[in-house]
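Undergrad: Here you go, this is work_12.cif (mmCIF, C-alpha atoms (C1' of nucleotides)).
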data_my_file
loop_
_atom_site.label_atom_id
_atom_site.label_comp_id
_atom_site.auth_asym_id
_atom_site.auth_seq_id
_atom_site.Cartn_x
_atom_site.Cartn_y
_atom_site.Cartn_z
CA MET N 1 30.72 23.64 -22.77
CA ALA N 2 28.34 26.48 -23.33
CA ARG N 3 28.75 29.37 -20.93
CA ARG N 4 26.91 32.38 -19.64
CA SER N 5 24.33 33.85 -21.91
CA ASP N 6 25.19 31.80 -24.97
CA HIS N 7 21.50 30.90 -25.03
CA SER N 8 18.44 32.28 -23.35
CA ARG N 9 16.32 30.22 -20.99
CA GLU N 10 13.84 29.71 -23.80
CA GLU N 11 16.51 28.58 -26.23
CA ILE N 12 17.92 26.05 -23.79
CA ARG N 13 14.43 24.77 -23.14
CA GLU N 14 13.75 24.35 -26.83
CA MET N 15 17.10 22.66 -27.47
CA ALA N 16 16.55 20.25 -24.57
CA LEU N 17 13.06 19.28 -25.74
CA ALA N 18 14.24 18.72 -29.30
CA ALA N 19 17.18 16.62 -28.08
CA ALA N 20 14.92 14.59 -25.78
CA GLU N 21 12.46 13.98 -28.63
CA GLU N 22 15.21 12.62 -30.82
CA ILE N 23 16.61 10.36 -28.10
CA VAL N 24 13.19 8.93 -27.29
CA SER N 25 12.26 8.57 -30.93
CA GLU N 26 15.42 6.57 -31.61
CA HIS N 27 16.00 4.64 -28.40
CA GLY N 28 12.69 4.69 -26.56
CA HIS N 29 11.91 6.18 -23.18
CA THR N 30 14.32 3.80 -21.44
CA GLY N 31 17.17 5.42 -23.37
CA LEU N 32 16.31 8.87 -22.07
CA SER N 33 18.29 10.38 -19.22
CA ALA N 34 18.93 13.88 -17.95
CA ARG N 35 22.65 13.45 -18.50
CA LYS N 36 22.18 12.41 -22.13
CA VAL N 37 19.90 15.33 -22.89
CA ALA N 38 22.33 17.72 -21.23
CA SER N 39 25.35 16.45 -23.12
CA ALA N 40 23.39 16.47 -26.39
CA ILE N 41 22.84 20.21 -26.05
CA GLY N 42 26.32 20.93 -24.69
CA TYR N 43 25.30 21.80 -21.14
CA THR N 44 25.74 20.11 -17.77
CA VAL N 45 22.99 18.17 -15.99
CA GLY N 46 22.55 20.93 -13.45
CA THR N 47 21.44 23.34 -16.16
CA LEU N 48 18.41 21.22 -16.99
CA TYR N 49 17.16 21.74 -13.46
CA LEU N 50 17.17 25.48 -13.98
CA VAL N 51 14.76 25.05 -16.87
CA PHE N 52 12.67 22.02 -15.83
CA ASP N 53 11.38 20.95 -12.42
CA ASN N 54 12.75 17.46 -12.97
CA LEU N 55 12.93 14.74 -15.59
CA ASP N 56 9.21 13.97 -15.29
CA ASP N 57 8.48 17.59 -16.11
CA LEU N 58 10.71 17.41 -19.19
CA ILE N 59 8.94 14.21 -20.27
CA LEU N 60 5.54 15.82 -19.79
CA GLN N 61 6.60 18.68 -22.06
CA VAL N 62 7.78 16.26 -24.73
CA ASN N 63 4.49 14.37 -24.43
CA GLY N 64 2.60 17.61 -24.91
CA ARG N 65 4.48 18.25 -28.13
CA THR N 66 3.79 14.72 -29.30
CA LEU N 67 0.08 15.24 -28.70
CA ASP N 68 0.30 18.47 -30.70
CA ARG N 69 1.89 16.71 -33.65
CA LEU N 70 -0.67 13.91 -33.48
CA HIS N 71 -3.59 16.31 -33.29
CA ALA N 72 -2.33 18.37 -36.23
CA GLN N 73 -1.93 15.25 -38.33
CA MET N 74 -5.42 14.00 -37.47
CA VAL N 75 -6.97 17.32 -38.41
CA LYS N 76 -5.02 17.46 -41.65
CA GLU N 77 -5.69 13.92 -42.82
CA GLN N 78 -9.35 14.14 -41.94
CA ALA N 79 -9.78 17.10 -44.25
CA ARG N 80 -9.12 14.83 -47.22
CA TYR N 81 -12.64 13.45 -47.05
CA ARG N 82 -16.11 14.91 -47.16
CA ASP N 83 -18.15 11.85 -46.27
CA PRO N 84 -18.74 11.96 -42.48
CA ARG N 85 -18.19 8.23 -42.08
CA LYS N 86 -14.93 8.29 -44.00
CA ARG N 87 -13.78 11.31 -42.02
CA LEU N 88 -14.35 9.49 -38.75
CA LEU N 89 -12.65 6.29 -39.88
CA GLN N 90 -9.72 8.37 -41.09
CA LEU N 91 -9.18 9.64 -37.54
CA GLY N 92 -8.60 6.07 -36.42
CA HIS N 93 -6.30 5.29 -39.29
CA THR N 94 -4.21 8.41 -38.71
CA TYR N 95 -3.91 7.52 -35.04
CA ILE N 96 -2.59 4.06 -35.89
CA HIS N 97 -0.33 5.45 -38.57
CA PHE N 98 1.21 7.96 -36.19
CA ALA N 99 1.82 5.32 -33.53
CA ASP N 100 3.38 3.08 -36.14
CA LYS N 101 5.73 5.75 -37.47
CA ASP N 102 6.90 7.06 -34.11
CA PRO N 103 6.08 4.32 -31.61
CA HIS N 104 8.54 5.45 -28.94
CA CYS N 105 7.26 8.99 -28.58
CA TRP N 106 3.69 7.78 -28.75
CA GLU N 107 4.25 5.13 -26.09
CA MET N 108 5.85 7.54 -23.69
CA ILE N 109 2.57 9.44 -23.38
CA PHE N 110 1.00 6.40 -21.74
CA GLU N 111 3.96 5.29 -19.68
CA ARG N 112 3.58 5.67 -15.96
CA ARG N 113 6.61 7.35 -14.46
CA SER N 114 5.67 8.68 -11.05
CA PRO N 115 4.83 6.14 -8.35
CA GLN N 116 1.81 8.08 -7.10
CA ALA N 117 -1.06 8.89 -9.43
CA GLN N 118 0.19 12.35 -10.24
CA LYS N 119 -2.36 14.89 -11.30
CA MET N 120 -1.74 15.98 -14.84
CA PRO N 121 -1.63 19.76 -15.24
CA GLU N 122 -4.55 21.52 -16.84
CA TRP N 123 -2.73 22.37 -20.08
CA PHE N 124 -2.03 18.68 -20.61
CA ARG N 125 -5.58 17.59 -19.85
CA GLU N 126 -6.75 20.05 -22.48
CA LYS N 127 -4.54 18.51 -25.14
CA VAL N 128 -6.07 15.12 -24.36
CA ALA N 129 -9.59 16.57 -24.31
CA ARG N 130 -8.96 18.15 -27.71
CA MET N 131 -8.46 14.66 -29.11
CA PHE N 132 -11.82 13.49 -27.78
CA SER N 133 -13.46 16.59 -29.21
CA LEU N 134 -12.17 15.66 -32.63
CA VAL N 135 -13.83 12.26 -32.37
CA GLU N 136 -17.04 13.76 -30.97
CA SER N 137 -17.23 16.22 -33.86
CA GLY N 138 -16.70 13.37 -36.26
CA LEU N 139 -19.49 11.38 -34.63
CA GLU N 140 -22.10 14.12 -34.54
CA PRO N 141 -23.22 14.01 -38.19
CA LEU N 142 -23.57 10.23 -37.87
CA ALA N 143 -25.62 10.29 -34.69
CA GLU N 144 -28.71 12.36 -35.25
CA HIS N 145 -30.86 10.43 -32.81
CA GLN N 146 -28.36 10.42 -29.95
CA SER N 147 -27.93 12.88 -27.13
CA SER N 148 -24.67 14.76 -26.67
CA GLN N 149 -23.97 12.60 -23.61
CA GLU N 150 -24.33 9.49 -25.71
CA ILE N 151 -22.03 10.96 -28.33
CA ALA N 152 -19.46 11.88 -25.70
CA GLN N 153 -19.51 8.36 -24.33
CA ALA N 154 -19.30 6.87 -27.82
CA ALA N 155 -16.28 9.05 -28.58
CA ARG N 156 -14.53 7.74 -25.47
CA ALA N 157 -15.42 4.15 -26.27
CA LEU N 158 -14.23 4.47 -29.86
CA TRP N 159 -11.00 6.25 -29.04
CA SER N 160 -10.27 3.77 -26.25
CA GLY N 161 -10.82 0.95 -28.69
CA VAL N 162 -8.50 2.33 -31.33
CA HIS N 163 -5.95 3.10 -28.65
CA GLY N 164 -6.15 -0.42 -27.26
CA ILE N 165 -5.49 -1.94 -30.66
CA CYS N 166 -2.55 0.38 -31.05
CA ILE N 167 -0.90 -0.46 -27.77
CA LEU N 168 -1.45 -4.20 -27.99
CA ALA N 169 -0.09 -4.21 -31.52
CA ILE N 170 3.00 -2.24 -30.55
CA THR N 171 3.77 -4.36 -27.50
CA GLY N 172 3.43 -7.44 -29.70
CA LYS N 173 0.43 -8.93 -27.92
CA LEU N 174 -1.99 -9.07 -30.82
CA ASP N 175 -0.04 -11.72 -32.66
CA ILE N 176 -0.80 -10.26 -36.08
CA ALA N 177 1.71 -9.13 -38.64
CA GLY N 178 2.02 -5.80 -40.42
CA VAL N 179 0.41 -2.41 -40.14
CA GLU N 180 -2.24 -3.43 -42.64
CA SER N 181 -3.71 -6.05 -40.30
CA VAL N 182 -3.79 -3.46 -37.55
CA GLN N 183 -5.59 -1.06 -39.85
CA ASP N 184 -8.04 -3.84 -40.76
CA LEU N 185 -8.71 -4.50 -37.11
CA THR N 186 -9.30 -0.80 -36.49
CA GLN N 187 -11.66 -0.67 -39.42
CA SER N 188 -13.55 -3.67 -38.03
CA LEU N 189 -13.81 -2.20 -34.56
CA MET N 190 -14.99 1.19 -35.70
CA SER N 191 -17.45 0.11 -38.35
CA ASN N 192 -19.07 -2.56 -36.17
CA TYR N 193 -19.31 -0.19 -33.26
CA LEU N 194 -20.78 2.51 -35.46
CA ARG N 195 -23.34 0.14 -36.95
CA GLY N 196 -24.39 -0.81 -33.44
CA PHE N 197 -24.35 2.74 -32.18
CA THR N 198 -26.38 4.27 -35.00
CA SER N 199 -28.97 1.48 -35.15
CA THR N 200 -30.46 2.37 -31.78
CA MET W 1 21.95 -13.28 5.51
CA ALA W 2 20.87 -16.66 4.31
CA ARG W 3 23.70 -19.00 3.57
CA ARG W 4 24.41 -22.20 1.74
CA SER W 5 21.52 -24.51 1.24
CA ASP W 6 19.08 -22.70 3.47
CA HIS W 7 16.76 -22.73 0.46
CA SER W 8 16.73 -24.59 -2.80
CA ARG W 9 16.94 -22.84 -6.13
CA GLU W 10 13.21 -23.28 -6.52
CA GLU W 11 12.48 -21.85 -3.11
CA ILE W 12 14.60 -18.77 -3.73
CA ARG W 13 12.87 -18.32 -7.06
CA GLU W 14 9.44 -18.52 -5.48
CA MET W 15 10.40 -16.17 -2.66
CA ALA W 16 11.80 -13.63 -5.09
CA LEU W 17 8.72 -13.66 -7.31
CA ALA W 18 6.39 -13.30 -4.33
CA ALA W 19 8.47 -10.41 -2.99
CA ALA W 20 8.57 -8.71 -6.39
CA GLU W 21 4.81 -9.07 -6.74
CA GLU W 22 4.25 -7.37 -3.42
CA ILE W 23 6.66 -4.53 -4.20
CA VAL W 24 5.06 -3.87 -7.58
CA SER W 25 1.55 -4.19 -6.22
CA GLU W 26 2.30 -1.60 -3.55
CA HIS W 27 4.70 0.80 -5.21
CA GLY W 28 4.36 0.18 -8.94
CA HIS W 29 6.98 -1.04 -11.39
CA THR W 30 9.11 2.06 -10.77
CA GLY W 31 9.54 0.95 -7.17
CA LEU W 32 10.93 -2.42 -8.19
CA SER W 33 14.67 -3.05 -8.10
CA ALA W 34 16.88 -6.11 -7.91
CA ARG W 35 18.40 -4.86 -4.68
CA LYS W 36 15.00 -4.40 -3.05
CA VAL W 37 13.82 -7.87 -4.04
CA ALA W 38 17.07 -9.37 -2.79
CA SER W 39 16.94 -7.66 0.57
CA ALA W 40 13.25 -8.55 0.95
CA ILE W 41 14.12 -12.24 0.78
CA GLY W 42 17.31 -11.92 2.81
CA TYR W 43 19.78 -12.57 0.03
CA THR W 44 22.29 -10.43 -1.83
CA VAL W 45 21.73 -9.03 -5.31
CA GLY W 46 24.16 -11.49 -6.82
CA THR W 47 21.97 -14.40 -5.79
CA LEU W 48 19.11 -13.18 -7.98
CA TYR W 49 21.36 -13.55 -11.01
CA LEU W 50 21.86 -17.22 -10.22
CA VAL W 51 18.10 -17.73 -10.48
CA PHE W 52 17.05 -15.21 -13.13
CA ASP W 53 18.77 -14.07 -16.32
CA ASN W 54 18.28 -10.46 -15.33
CA LEU W 55 15.64 -8.10 -13.99
CA ASP W 56 13.64 -8.21 -17.22
CA ASP W 57 13.43 -11.98 -16.86
CA LEU W 58 12.16 -11.64 -13.30
CA ILE W 59 9.56 -9.11 -14.46
CA LEU W 60 8.44 -11.43 -17.26
CA GLN W 61 7.90 -14.21 -14.71
CA VAL W 62 5.85 -11.90 -12.49
CA ASN W 63 3.82 -10.84 -15.52
CA GLY W 64 3.17 -14.48 -16.34
CA ARG W 65 1.80 -15.03 -12.86
CA THR W 66 -0.37 -11.94 -13.16
CA LEU W 67 -1.81 -13.26 -16.42
CA ASP W 68 -2.52 -16.55 -14.66
CA ARG W 69 -4.42 -14.84 -11.86
CA LEU W 70 -6.36 -12.74 -14.35
CA HIS W 71 -7.25 -15.73 -16.48
CA ALA W 72 -8.41 -17.77 -13.49
CA GLN W 73 -10.61 -14.93 -12.33
CA MET W 74 -12.16 -14.45 -15.76
CA VAL W 75 -12.98 -18.14 -16.02
CA LYS W 76 -14.44 -18.20 -12.53
CA GLU W 77 -16.60 -15.08 -12.82
CA GLN W 78 -17.86 -16.06 -16.24
CA ALA W 79 -19.24 -19.30 -14.83
CA ARG W 80 -21.78 -17.31 -12.82
CA TYR W 81 -23.93 -16.81 -15.90
CA ARG W 82 -25.59 -19.06 -18.44
CA ASP W 83 -26.76 -16.50 -20.96
CA PRO W 84 -24.03 -16.26 -23.67
CA ARG W 85 -24.27 -12.50 -23.92
CA LYS W 86 -24.01 -12.03 -20.17
CA ARG W 87 -21.07 -14.40 -20.06
CA LEU W 88 -19.22 -12.39 -22.68
CA LEU W 89 -19.94 -9.05 -21.05
CA GLN W 90 -18.79 -10.49 -17.75
CA LEU W 91 -15.36 -11.15 -19.27
CA GLY W 92 -14.97 -7.44 -19.92
CA HIS W 93 -16.17 -6.50 -16.46
CA THR W 94 -13.81 -8.94 -14.77
CA TYR W 95 -10.94 -7.55 -16.81
CA ILE W 96 -11.71 -4.01 -15.69
CA HIS W 97 -12.26 -5.14 -12.12
CA PHE W 98 -8.91 -6.90 -12.00
CA ALA W 99 -7.08 -3.87 -13.42
CA ASP W 100 -8.82 -1.67 -10.89
CA LYS W 101 -7.96 -3.86 -7.90
CA ASP W 102 -4.31 -4.42 -8.80
CA PRO W 103 -3.42 -1.66 -11.26
CA HIS W 104 0.33 -1.83 -10.76
CA CYS W 105 0.76 -5.52 -11.54
CA TRP W 106 -1.66 -5.22 -14.43
CA GLU W 107 0.14 -2.21 -15.89
CA MET W 108 3.52 -3.86 -15.72
CA ILE W 109 2.41 -6.43 -18.30
CA PHE W 110 2.12 -3.68 -20.89
CA GLU W 111 5.13 -1.66 -19.88
CA ARG W 112 7.99 -1.65 -22.35
CA ARG W 113 11.27 -2.35 -20.62
CA SER W 114 13.79 -3.42 -23.19
CA PRO W 115 14.87 -0.84 -25.76
CA GLN W 116 14.71 -3.27 -28.66
CA ALA W 117 11.48 -5.06 -29.51
CA GLN W 118 12.30 -8.18 -27.58
CA LYS W 119 10.63 -11.35 -28.67
CA MET W 120 8.40 -12.70 -25.97
CA PRO W 121 9.05 -16.37 -25.18
CA GLU W 122 6.57 -18.94 -26.34
CA TRP W 123 5.20 -19.74 -22.88
CA PHE W 124 4.30 -16.09 -22.45
CA ARG W 125 2.67 -15.79 -25.87
CA GLU W 126 0.51 -18.74 -24.94
CA LYS W 127 -0.75 -17.08 -21.81
CA VAL W 128 -1.79 -14.09 -23.89
CA ALA W 129 -3.36 -16.29 -26.56
CA ARG W 130 -5.36 -18.10 -23.87
CA MET W 131 -7.03 -14.78 -23.05
CA PHE W 132 -8.11 -14.31 -26.65
CA SER W 133 -9.42 -17.86 -26.74
CA LEU W 134 -11.65 -17.06 -23.80
CA VAL W 135 -13.17 -14.15 -25.69
CA GLU W 136 -13.49 -16.19 -28.88
CA SER W 137 -15.31 -18.95 -27.03
CA GLY W 138 -17.60 -16.38 -25.54
CA LEU W 139 -18.33 -14.93 -28.96
CA GLU W 140 -19.06 -18.18 -30.76
CA PRO W 141 -22.61 -18.79 -29.50
CA LEU W 142 -23.46 -15.19 -30.43
CA ALA W 143 -22.06 -15.36 -33.95
CA GLU W 144 -23.73 -18.16 -35.83
CA HIS W 145 -23.43 -16.51 -39.22
CA GLN W 146 -19.77 -15.55 -38.91
CA SER W 147 -16.70 -17.47 -39.94
CA SER W 148 -14.08 -18.44 -37.38
CA GLN W 149 -11.75 -15.84 -38.90
CA GLU W 150 -14.36 -13.18 -38.34
CA ILE W 151 -14.83 -14.37 -34.78
CA ALA W 152 -11.08 -14.32 -34.18
CA GLN W 153 -10.87 -10.77 -35.47
CA ALA W 154 -13.87 -9.71 -33.41
CA ALA W 155 -12.29 -11.19 -30.29
CA ARG W 156 -9.15 -9.13 -30.90
CA ALA W 157 -11.13 -5.98 -31.58
CA LEU W 158 -13.27 -6.45 -28.47
CA TRP W 159 -10.39 -7.29 -26.16
CA SER W 160 -8.36 -4.40 -27.52
CA GLY W 161 -11.28 -2.10 -26.86
CA VAL W 162 -11.77 -3.21 -23.29
CA HIS W 163 -8.03 -3.01 -22.76
CA GLY W 164 -7.88 0.51 -24.18
CA ILE W 165 -10.59 1.71 -21.82
CA CYS W 166 -8.69 0.12 -18.96
CA ILE W 167 -5.38 1.74 -19.69
CA LEU W 168 -6.75 5.18 -20.46
CA ALA W 169 -8.82 5.08 -17.28
CA ILE W 170 -5.84 4.05 -15.16
CA THR W 171 -3.50 6.66 -16.63
CA GLY W 172 -6.18 9.26 -15.97
CA LYS W 173 -6.77 10.21 -19.58
CA LEU W 174 -10.48 9.40 -19.81
CA ASP W 175 -11.49 12.20 -17.50
CA ILE W 176 -14.28 10.19 -15.93
CA ALA W 177 -14.68 9.37 -12.25
CA GLY W 178 -15.11 6.03 -10.53
CA VAL W 179 -14.97 2.43 -11.57
CA GLU W 180 -18.67 2.47 -12.32
CA SER W 181 -18.25 4.92 -15.18
CA VAL W 182 -15.48 2.75 -16.57
CA GLN W 183 -17.75 -0.30 -16.36
CA ASP W 184 -20.50 1.70 -18.10
CA LEU W 185 -18.13 2.62 -20.88
CA THR W 186 -17.06 -1.00 -21.27
CA GLN W 187 -20.69 -2.06 -21.40
CA SER W 188 -21.35 0.56 -24.08
CA LEU W 189 -18.38 -0.49 -26.16
CA MET W 190 -19.11 -4.18 -26.01
CA SER W 191 -22.86 -4.06 -26.55
CA ASN W 192 -22.68 -1.60 -29.43
CA TYR W 193 -19.90 -3.58 -31.08
CA LEU W 194 -21.84 -6.80 -30.61
CA ARG W 195 -25.02 -5.32 -32.05
CA GLY W 196 -23.04 -4.23 -35.09
CA PHE W 197 -21.16 -7.48 -35.37
CA THR W 198 -24.17 -9.79 -35.13
CA SER W 199 -26.38 -7.71 -37.44
CA THR W 200 -24.32 -8.54 -40.50
"C1'" DA B 1 29.00 -25.60 -4.18
"C1'" DC B 2 26.78 -21.64 -2.86
"C1'" DC B 3 26.62 -17.10 -1.91
"C1'" DT B 4 28.84 -12.71 -0.92
"C1'" DG B 5 30.22 -8.09 -1.48
"C1'" DA B 6 32.87 -5.10 -3.84
"C1'" DA B 7 33.42 -3.13 -8.26
"C1'" DC B 8 31.90 -0.93 -12.66
"C1'" DA B 9 29.25 2.04 -15.23
"C1'" DC B 10 25.39 4.10 -14.98
"C1'" DC B 11 21.12 6.85 -12.89
"C1'" DG B 12 18.16 11.63 -10.75
"C1'" DT B 13 18.81 15.50 -8.06
"C1'" DT B 14 21.10 19.16 -5.34
"C1'" DC B 15 24.00 22.99 -4.38
"C1'" DA B 16 28.45 25.17 -2.94
"C1'" DA B 17 31.82 27.07 -5.76
"C1'" DG B 18 33.74 29.18 -9.73
"C1'" DT B 19 33.71 32.69 -13.71
"C1'" DA G 1 23.92 36.02 -12.95
"C1'" DC G 2 24.71 31.85 -14.99
"C1'" DC G 3 26.45 27.53 -15.14
"C1'" DT G 4 29.53 23.97 -13.41
"C1'" DG G 5 30.99 19.79 -11.45
"C1'" DA G 6 31.33 17.25 -7.58
"C1'" DA G 7 28.60 14.95 -4.27
"C1'" DC G 8 24.78 11.91 -2.57
"C1'" DA G 9 21.96 8.11 -2.78
"C1'" DC G 10 20.51 5.22 -5.73
"C1'" DC G 11 20.46 1.80 -10.03
"C1'" DG G 12 21.64 -3.26 -13.09
"C1'" DT G 13 25.09 -6.50 -13.70
"C1'" DT G 14 29.40 -9.12 -13.04
"C1'" DC G 15 32.69 -11.99 -10.83
"C1'" DA G 16 36.84 -12.86 -7.88
"C1'" DA G 17 36.93 -14.18 -3.28
"C1'" DG G 18 35.34 -16.24 0.86
"C1'" DT G 19 33.01 -20.11 3.69
#
As a first step, turn the structure in this file into structure tokens.
TA:
Amino acid sequence: MARRSDHSREEIREMALAAAEEIVSEHGHTGLSARKVASAIGYTVGTLYLVFDNLDDLILQVNGRTLDRLHAQMVKEQARYRDPRKRLLQLGHTYIHFADKDPHCWEMIFERRSPQAQKMPEWFREKVARMFSLVESGLEPLAEHQSSQEIAQAARALWSGVHGICILAITGKLDIAGVESVQDLTQSLMSNYLRGFTST
Amino acid sequence: MARRSDHSREEIREMALAAAEEIVSEHGHTGLSARKVASAIGYTVGTLYLVFDNLDDLILQVNGRTLDRLHAQMVKEQARYRDPRKRLLQLGHTYIHFADKDPHCWEMIFERRSPQAQKMPEWFREKVARMFSLVESGLEPLAEHQSSQEIAQAARALWSGVHGICILAITGKLDIAGVESVQDLTQSLMSNYLRGFTST
DNA sequence: ACCTGAACACCGTTCAAGT
DNA sequence: ACCTGAACACCGTTCAAGT
């Protein structure tokens, strides 16, 4: 057992988040528990409550980090293309790819823990908003005749669509096999929507 | 406490499912527990395990019933229109409306309980497939130049899109207010996709 | 035969007590 | 000051024992 000032508050926090990430990544959110995180970092359960408000708080922090990783990957992969249309489609593909590689962490973001509709803190809302901004920016060069409101709505519709494919595929409700089919479906959704959207 | 043959196996089963539905509907899936269901129907926990394999089995049964209610409502509401396009759009609206009225039951269908990717039983897969069929049937009159494979894929893309809007709206990640905005977004997604899809 | 209720191995969360 | 570890009120699941 670790004692006294073996680690600073910040160090414990970091260790706990890393341990939680690994547990979720391997066993899903149902495999996560305060006791498991604590024992993974060599501390007692009580210690976690000195660093986090509760387990939901810890989960929210992990989710924030997952969103960070996802965002970074989307930005990076997008940069591979110059063609605006390809750049936008790449966002969708990266999203699917991320969810496919680390389904458990990705799922946890959209899992509802608290009974009451808890308000998400501002820092978390911003991480989500950042994702929409990425899609909006990608849409802009393709939508010269549309207002910024229309673009904002289109970004939400598109991201929702890609997200829906993702979640149905992961929970096995789409009845299609392989990541490729999922990517095909994403491609179909995005390109048809775009054709409709830009032909106005 | 109920004793002996106060109720048949079937009656206990029905009582348990009804009780579980009410608990989930009111307090969400996190509020559901075997003990609560048992006490709500006046039996002990052990009794539930004579009627269901385990809690996941009970949840799957409840989810099946939710899918039945949703399907019935979609069929019914769709019948209000004759115009093929209106009929199809109505499917999306009914889906959103259902999720808005009973978010907790609806959410539970897409919640991942078991750690391992459990195979859904055939009877459940069929209930999901039935939903796709509804969308495919709605699409057919609008897609005279498309193959049945293309229609099948379009149905999946469309339903995924509507579903994605639904789940992001319910988990508060869309950052828009009111059901109306969600219905607007659904309308935008479906009509733009359809315009793209039918213009091929 | 049908159901109980206690037991087992887990939870999240708190907080007096130890070092 | 920092962390423990026991306690509380819950879980899902099982199964010998009662009626």
Undergrad: For a quick check of understanding, using all atoms listed in the file, which of N:Thr30, N:Ser133, N:Gln61, N:Asn54 has the smallest distance to chain W?
TA: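 Of all the options, N:Thr30 lies closest to chain W.
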Undergrad: Please report the interatomic distance between CA of Lys36 (chain W) and C1' of DT13 (chain B) in Å with one decimal.
TA: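 Rounded to one decimal, the two atoms are 20.9 Å apart.
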Undergrad: At a cut-off of 10 Å, list the chain W residues touching chain G, using all atoms listed in the file, as a list in words.
TA: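 Using all atoms listed in the file, chain W residues at most 10 Å from chain G: Arg3, Arg4, Ser33, Ala34, Arg35, Val45, Gly46, Tyr49, Asn54 and Leu55 of chain W.
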Undergrad: Can you build me a table of chain N residues sitting at most 8 Å from chain W, with the closest atom pair per residue and its distance in Å to one decimal, using all atoms listed in the file, sorted by chain and residue number, as JSON lines?
TA:
{"residue": "N:His27", "atom": "CA", "partner": "W:Pro115", "partner_atom": "CA", "distance": 6.2}
{"residue": "N:Gly28", "atom": "CA", "partner": "W:Pro115", "partner_atom": "CA", "distance": 6.0}
{"residue": "N:Thr30", "atom": "CA", "partner": "W:Pro115", "partner_atom": "CA", "distance": 6.4}
{"residue": "N:Gly31", "atom": "CA", "partner": "W:Pro115", "partner_atom": "CA", "distance": 7.1}
{"residue": "N:Phe110", "atom": "CA", "partner": "W:Thr171", "partner_atom": "CA", "distance": 6.8}
{"residue": "N:Glu111", "atom": "CA", "partner": "W:Glu111", "partner_atom": "CA", "distance": 7.1}
{"residue": "N:Arg112", "atom": "CA", "partner": "W:Thr171", "partner_atom": "CA", "distance": 7.2}
{"residue": "N:Arg113", "atom": "CA", "partner": "W:Thr30", "partner_atom": "CA", "distance": 6.9}
{"residue": "N:Ser114", "atom": "CA", "partner": "W:Thr30", "partner_atom": "CA", "distance": 7.5}
{"residue": "N:Pro115", "atom": "CA", "partner": "W:Gly28", "partner_atom": "CA", "distance": 6.0}
{"residue": "N:Ala117", "atom": "CA", "partner": "W:Thr171", "partner_atom": "CA", "distance": 7.9}
{"residue": "N:Arg125", "atom": "CA", "partner": "W:Lys173", "partner_atom": "CA", "distance": 7.5}
{"residue": "N:Val128", "atom": "CA", "partner": "W:Lys173", "partner_atom": "CA", "distance": 6.9}
{"residue": "N:Gln153", "atom": "CA", "partner": "W:Leu185", "partner_atom": "CA", "distance": 6.8}
{"residue": "N:Ala154", "atom": "CA", "partner": "W:Leu189", "partner_atom": "CA", "distance": 7.6}
{"residue": "N:Arg156", "atom": "CA", "partner": "W:Leu174", "partner_atom": "CA", "distance": 7.2}
{"residue": "N:Ala157", "atom": "CA", "partner": "W:Leu189", "partner_atom": "CA", "distance": 5.5}
{"residue": "N:Leu158", "atom": "CA", "partner": "W:Leu189", "partner_atom": "CA", "distance": 7.5}
{"residue": "N:Ser160", "atom": "CA", "partner": "W:Gly164", "partner_atom": "CA", "distance": 4.5}
{"residue": "N:Gly161", "atom": "CA", "partner": "W:Gly161", "partner_atom": "CA", "distance": 3.6}
{"residue": "N:Val162", "atom": "CA", "partner": "W:Gly161", "partner_atom": "CA", "distance": 6.9}
{"residue": "N:His163", "atom": "CA", "partner": "W:Gly164", "partner_atom": "CA", "distance": 5.5}
{"residue": "N:Gly164", "atom": "CA", "partner": "W:Gly164", "partner_atom": "CA", "distance": 3.7}
{"residue": "N:Ile165", "atom": "CA", "partner": "W:Ser160", "partner_atom": "CA", "distance": 4.9}
{"residue": "N:Ile167", "atom": "CA", "partner": "W:Gly164", "partner_atom": "CA", "distance": 7.9}
{"residue": "N:Leu168", "atom": "CA", "partner": "W:Ser160", "partner_atom": "CA", "distance": 6.9}
{"residue": "N:Thr171", "atom": "CA", "partner": "W:Phe110", "partner_atom": "CA", "distance": 6.8}
{"residue": "N:Lys173", "atom": "CA", "partner": "W:Val128", "partner_atom": "CA", "distance": 6.9}
{"residue": "N:Leu174", "atom": "CA", "partner": "W:Arg156", "partner_atom": "CA", "distance": 7.2}
{"residue": "N:Leu185", "atom": "CA", "partner": "W:Ala157", "partner_atom": "CA", "distance": 6.2}
{"residue": "N:Thr186", "atom": "CA", "partner": "W:Ala157", "partner_atom": "CA", "distance": 7.4}
{"residue": "N:Ser188", "atom": "CA", "partner": "W:Ala157", "partner_atom": "CA", "distance": 7.3}
{"residue": "N:Leu189", "atom": "CA", "partner": "W:Ala157", "partner_atom": "CA", "distance": 5.5}
{"residue": "N:Ser191", "atom": "CA", "partner": "W:Gly196", "partner_atom": "CA", "distance": 7.8}
{"residue": "N:Asn192", "atom": "CA", "partner": "W:Gly196", "partner_atom": "CA", "distance": 4.4}
{"residue": "N:Tyr193", "atom": "CA", "partner": "W:Tyr193", "partner_atom": "CA", "distance": 4.1}
{"residue": "N:Leu194", "atom": "CA", "partner": "W:Gly196", "partner_atom": "CA", "distance": 7.1}
{"residue": "N:Arg195", "atom": "CA", "partner": "W:Gly196", "partner_atom": "CA", "distance": 4.8}
{"residue": "N:Gly196", "atom": "CA", "partner": "W:Gly196", "partner_atom": "CA", "distance": 4.0}
{"residue": "N:Phe197", "atom": "CA", "partner": "W:Asn192", "partner_atom": "CA", "distance": 5.4}
Undergrad: Decode the PyMOL selection byres ((chain N and resi 70-85) around 12) for the given file into explicit residues and return them as a ChimeraX atom specification.
TA: /N:63-69,86-103,105-106,109,126-143,187,190-191,194-195,198
